[in-house]
>>> print(open('run_35.tsv').read())   # TSV, C-alpha atoms
chain	number	residue	atom	x	y	z
A	1273	GLY	CA	28.80	-57.47	19.21
A	1274	ILE	CA	30.04	-60.87	20.47
A	1275	VAL	CA	32.97	-61.00	22.91
A	1276	LEU	CA	35.82	-62.90	21.26
A	1277	ALA	CA	38.45	-62.60	24.02
A	1278	GLN	CA	39.11	-61.00	27.37
A	1279	ASP	CA	42.21	-60.03	29.34
A	1280	PRO	CA	42.74	-61.23	31.98
A	1281	GLY	CA	41.16	-64.57	31.08
A	1282	SER	CA	38.17	-66.18	32.67
A	1283	GLY	CA	38.69	-67.46	36.24
A	1284	THR	CA	41.51	-65.00	37.02
A	1285	PRO	CA	40.91	-63.43	40.48
A	1286	LEU	CA	40.77	-59.60	40.37
A	1287	ARG	CA	40.21	-56.81	42.84
A	1288	HIS	CA	36.91	-55.00	42.72
A	1289	GLY	CA	37.09	-52.15	40.16
A	1290	SER	CA	39.95	-53.72	38.14
A	1291	THR	CA	39.92	-53.24	34.37
A	1292	VAL	CA	39.06	-56.13	32.07
A	1293	ALA	CA	39.85	-55.63	28.37
A	1294	LEU	CA	37.32	-57.13	25.96
A	1295	THR	CA	37.81	-57.88	22.27
A	1296	VAL	CA	34.44	-57.53	20.55
A	1297	SER	CA	33.59	-58.76	17.03
A	1298	LYS	CA	32.65	-56.20	14.40
A	1299	GLY	CA	30.99	-59.02	12.44
A	1300	PRO	CA	32.18	-60.61	9.22
A	1301	GLN	CA	34.63	-58.57	7.16
A	1302	PRO	CA	32.85	-56.82	4.28
A	1303	ILE	CA	34.17	-57.67	0.82
A	1304	PRO	CA	33.69	-55.14	-1.99
A	1305	VAL	CA	32.18	-56.76	-5.09
A	1306	PRO	CA	34.64	-56.42	-8.00
A	1307	ARG	CA	33.50	-55.34	-11.47
A	1308	VAL	CA	33.35	-58.38	-13.77
A	1309	VAL	CA	31.12	-56.96	-16.54
A	1310	GLY	CA	32.91	-57.34	-19.88
A	1311	MET	CA	35.18	-60.17	-18.67
A	1312	GLN	CA	35.16	-63.62	-20.22
A	1313	GLN	CA	33.25	-66.08	-18.03
A	1314	SER	CA	36.38	-67.94	-16.83
A	1315	GLN	CA	38.14	-64.69	-15.87
A	1316	ALA	CA	35.05	-63.43	-14.01
A	1317	LEU	CA	34.68	-66.71	-12.10
A	1318	ALA	CA	38.34	-66.57	-11.06
A	1319	ALA	CA	38.13	-62.90	-9.99
A	1320	LEU	CA	35.05	-63.46	-7.84
A	1321	ARG	CA	36.47	-66.61	-6.23
A	1322	ALA	CA	39.75	-64.81	-5.51
A	1323	ALA	CA	37.76	-62.11	-3.71
A	1324	GLY	CA	36.16	-64.80	-1.51
A	1325	LEU	CA	32.77	-64.62	-3.20
A	1326	ASP	CA	30.55	-67.32	-4.72
A	1327	PRO	CA	29.99	-66.70	-8.46
A	1328	GLN	CA	26.71	-67.90	-9.95
A	1329	VAL	CA	25.96	-67.99	-13.69
A	1330	SER	CA	22.36	-67.13	-14.58
A	1331	SER	CA	20.61	-69.51	-16.96
A	1332	ASP	CA	19.37	-66.42	-18.85
A	1333	GLU	CA	21.57	-64.88	-21.53
A	1334	VAL	CA	21.04	-61.48	-23.14
A	1335	ASN	CA	21.95	-59.82	-26.42
A	1336	ASP	CA	24.35	-56.92	-25.93
A	1337	LYS	CA	25.78	-54.58	-28.59
A	1338	THR	CA	28.96	-53.86	-26.66
A	1339	VAL	CA	29.71	-57.08	-24.76
A	1340	PRO	CA	30.98	-60.01	-26.85
A	1341	LYS	CA	29.42	-63.45	-26.68
A	1342	GLY	CA	30.65	-65.46	-23.68
A	1343	SER	CA	31.45	-62.38	-21.59
A	1344	VAL	CA	29.58	-61.01	-18.59
A	1345	ALA	CA	26.83	-58.58	-19.67
A	1346	ALA	CA	25.48	-57.84	-16.15
A	1347	GLN	CA	26.14	-58.69	-12.54
A	1348	ASP	CA	24.11	-58.62	-9.35
A	1349	PRO	CA	24.99	-57.11	-6.95
A	1350	SER	CA	26.67	-54.30	-8.82
A	1351	PRO	CA	30.37	-53.45	-8.47
A	1352	GLY	CA	31.24	-51.65	-5.24
A	1353	ALA	CA	28.44	-53.26	-3.22
A	1354	THR	CA	29.69	-55.19	-0.20
A	1355	LEU	CA	29.10	-58.82	0.71
A	1356	THR	CA	30.60	-61.14	3.27
A	1357	LYS	CA	32.82	-64.13	2.53
A	1358	GLY	CA	30.94	-66.65	0.39
A	1359	GLY	CA	28.34	-64.08	-0.72
A	1360	ALA	CA	26.75	-64.87	-4.10
A	1361	VAL	CA	27.29	-62.75	-7.20
A	1362	THR	CA	25.03	-63.63	-10.14
A	1363	MET	CA	26.42	-63.07	-13.63
A	1364	THR	CA	24.29	-62.78	-16.76
A	1365	MET	CA	26.22	-63.78	-19.86
A	1366	SER	CA	26.10	-62.06	-23.25
A	1367	LYS	CA	24.92	-63.73	-26.45
A	1368	GLY	CA	26.67	-60.91	-28.30
A	1369	PRO	CA	24.87	-58.38	-30.47
A	1370	LYS	CA	21.50	-59.17	-31.97
A	1371	MET	CA	21.79	-60.02	-35.65
A	1372	VAL	CA	19.53	-57.98	-37.95
A	1373	HIS	CA	18.83	-58.56	-41.65
A	1374	VAL	CA	19.82	-55.67	-43.95
A	1375	PRO	CA	17.37	-55.48	-46.87
A	1376	SER	CA	18.36	-54.05	-50.23
A	1377	PHE	CA	17.48	-50.41	-50.92
A	1378	VAL	CA	19.15	-50.21	-54.33
A	1379	GLY	CA	16.90	-48.19	-56.63
A	1380	LYS	CA	15.08	-46.49	-53.73
A	1381	GLN	CA	15.35	-42.87	-52.70
A	1382	VAL	CA	18.04	-42.09	-50.12
A	1383	GLY	CA	15.60	-40.56	-47.61
A	1384	GLU	CA	13.34	-43.63	-47.62
A	1385	ALA	CA	16.36	-45.96	-47.34
A	1386	THR	CA	17.96	-43.94	-44.54
A	1387	ASP	CA	14.75	-43.79	-42.50
A	1388	ALA	CA	14.09	-47.53	-42.88
A	1389	LEU	CA	17.67	-48.47	-41.97
A	1390	LYS	CA	17.65	-46.23	-38.89
A	1391	GLN	CA	14.36	-47.82	-37.76
A	1392	LEU	CA	16.12	-51.19	-37.96
A	1393	GLY	CA	18.83	-49.82	-35.65
A	1394	PHE	CA	21.62	-49.22	-38.15
A	1395	ASP	CA	23.94	-46.24	-38.49
A	1396	VAL	CA	23.76	-44.93	-42.05
A	1397	ARG	CA	26.59	-43.36	-44.03
A	1398	VAL	CA	25.70	-41.72	-47.35
A	1399	GLU	CA	28.30	-41.32	-50.08
A	1400	ASN	CA	27.16	-39.06	-52.90
A	1401	ILE	CA	28.51	-39.63	-56.41
A	1402	LEU	CA	28.25	-36.66	-58.77
A	1403	GLY	CA	26.64	-34.70	-55.93
A	1404	GLY	CA	23.87	-37.26	-55.41
A	1405	PHE	CA	21.64	-35.12	-57.63
A	1406	PHE	CA	18.94	-37.75	-58.23
A	1407	GLY	CA	18.97	-39.07	-54.63
A	1408	THR	CA	18.78	-42.69	-55.80
A	1409	VAL	CA	20.64	-45.50	-54.04
A	1410	ARG	CA	22.90	-47.21	-56.61
A	1411	ALA	CA	24.94	-49.40	-54.25
A	1412	GLN	CA	24.78	-50.51	-50.65
A	1413	ASP	CA	27.17	-52.23	-48.26
A	1414	PRO	CA	26.23	-54.52	-46.55
A	1415	MET	CA	23.14	-55.74	-48.41
A	1416	ASP	CA	20.82	-58.76	-48.09
A	1417	LYS	CA	22.62	-60.32	-45.14
A	1418	ASP	CA	22.48	-60.46	-41.35
A	1419	VAL	CA	24.83	-58.15	-39.44
A	1420	PRO	CA	25.12	-57.06	-35.79
A	1421	GLU	CA	22.62	-54.40	-34.69
A	1422	GLY	CA	24.08	-50.92	-34.76
A	1423	SER	CA	26.37	-51.70	-37.72
A	1424	VAL	CA	27.13	-49.04	-40.32
A	1425	VAL	CA	25.34	-49.37	-43.67
A	1426	THR	CA	26.87	-47.35	-46.48
A	1427	LEU	CA	24.58	-46.09	-49.24
A	1428	THR	CA	26.13	-44.90	-52.49
A	1429	VAL	CA	23.80	-42.29	-54.00
A	1430	VAL	CA	23.67	-40.74	-57.48
>>> encode(input="run_35.tsv", output="structure tokens")
Amino acid sequence: GIVLAQDPGSGTPLRHGSTVALTVSKGPQPIPVPRVVGMQQSQALAALRAAGLDPQVSSDEVNDKTVPKGSVAAQDPSPGATLTKGGAVTMTMSKGPKMVHVPSFVGKQVGEATDALKQLGFDVRVENILGGFFGTVRAQDPMDKDVPEGSVVTLTVV
């Protein structure tokens, strides 16, 4: 809404009713916020700076099943929003997936083991040997160690 230029310039004598052309500002140019979720921190910083924005890294980090440690898990504002030059984009970095301990279910019934593992957030694959007639877990992989949440635990059942 601010006049940036006029033609003819200021102080030029004109006849009454003559046309004066005005160039009026539309305001700062909007910059679309690029998507940086999933990028390594250094790549995300470079992408935001190249777009003319001011990247900020949040002091908070979050666990994320799908975004590796050291990559951007979330951004604010979201991709596609518009800012002006120098606008801040806050990035929340991933700590990677949460690690969960897998207890041993060897000797337990497959139903009990499957339910418990699913409650812990694991995907369960059951491999029946000899038809799994007795329904008893004879082997398990992984077992008695910490693995990323959502990992597959294989139960071998006889």
>>> atom_distance(input="run_35.tsv", atom1="CA of Phe1405 (chain A)", atom2="CA of Gln1391 (chain A)")
24.7 Å
>>> atom_distance(input="run_35.tsv", atom1="CA of Thr1356 (chain A)", atom2="CA of Ser1343 (chain A)")
24.9 Å
>>> closest_residue(input="run_35.tsv", among="A:Ala1277, A:Ala1345, A:Met1415, A:Met1311", to="Thr1295 (chain A)", atoms="all atoms listed in the file")
A:Ala1277
>>> atom_distance(input="run_35.tsv", atom1="CA of Ala1360 (chain A)", atom2="CA of Gln1347 (chain A)")
10.5 Å
>>> residues_near_point(input="run_35.tsv", point="(37.0, -56.7, -7.7)", cutoff="9 Å", atoms="all atoms listed in the file", output="list in words")
Pro1304, Val1305, Pro1306, Arg1307, Val1308, Ala1319, Leu1320, Ala1322, Ala1323, Pro1351 and Gly1352 of chain A
>>> residues_around(input="run_35.tsv", residues="Gln1301 (chain A)", least_positions_apart="2", cutoff="10 Å", atoms="only C-alpha atoms", output="PyMOL selection string")
chain A and resi 1297-1299+1303-1304+1354-1357
>>> write_last_selection(input="run_35.tsv", atoms="C-alpha atoms", output="PDB file, in the coordinates of the input")
ATOM      1  CA  SER A1297      33.590 -58.760  17.030  1.00  0.00           C
ATOM      2  CA  LYS A1298      32.650 -56.200  14.400  1.00  0.00           C
ATOM      3  CA  GLY A1299      30.990 -59.020  12.440  1.00  0.00           C
ATOM      4  CA  ILE A1303      34.170 -57.670   0.820  1.00  0.00           C
ATOM      5  CA  PRO A1304      33.690 -55.140  -1.990  1.00  0.00           C
ATOM      6  CA  THR A1354      29.690 -55.190  -0.200  1.00  0.00           C
ATOM      7  CA  LEU A1355      29.100 -58.820   0.710  1.00  0.00           C
ATOM      8  CA  THR A1356      30.600 -61.140   3.270  1.00  0.00           C
ATOM      9  CA  LYS A1357      32.820 -64.130   2.530  1.00  0.00           C
TER      10      LYS A1357
END
>>> residues_around(input="run_35.tsv", residues="region 1368-1370 of chain A", least_positions_apart="6", cutoff="6 Å", atoms="all atoms listed in the file", output="compact mmCIF listing (two decimals) with C-alpha atoms, keeping the file's coordinate frame")
# COMPACT_ATOMS: atom_id res chain seq x y z
CA ASN A 1335 21.95 -59.82 -26.42
CA ASP A 1336 24.35 -56.92 -25.93
CA LYS A 1337 25.78 -54.58 -28.59
CA PRO A 1340 30.98 -60.01 -26.85
CA LYS A 1341 29.42 -63.45 -26.68
CA PRO A 1420 25.12 -57.06 -35.79
CA GLU A 1421 22.62 -54.40 -34.69
>>> residues_around(input="run_35.tsv", residues="Gly1342 (chain A)", least_positions_apart="3", cutoff="12 Å", atoms="only C-alpha atoms", output="list in words")
Val1309, Gly1310, Met1311, Gln1312, Gln1313, Ser1314, Gln1315, Ala1316, Val1329, Glu1333, Val1334, Asn1335, Asp1336, Val1339, Ala1345, Ala1346, Met1363, Thr1364, Met1365, Ser1366, Lys1367, Gly1368 and Pro1369 of chain A
>>> closest_residue(input="run_35.tsv", among="A:Gly1393, A:Gly1273, A:Pro1327, A:Gly1281", to="Pro1349 (chain A)", atoms="only C-alpha atoms")
A:Pro1327
>>> closest_residue(input="run_35.tsv", among="A:Gly1422, A:Pro1302, A:Gly1289, A:Pro1375", to="Thr1338 (chain A)", atoms="only C-alpha atoms")
A:Gly1422
>>> closest_residue(input="run_35.tsv", among="A:Val1344, A:Asp1416, A:Leu1402, A:Arg1397", to="Val1378 (chain A)", atoms="all atoms listed in the file")
A:Asp1416
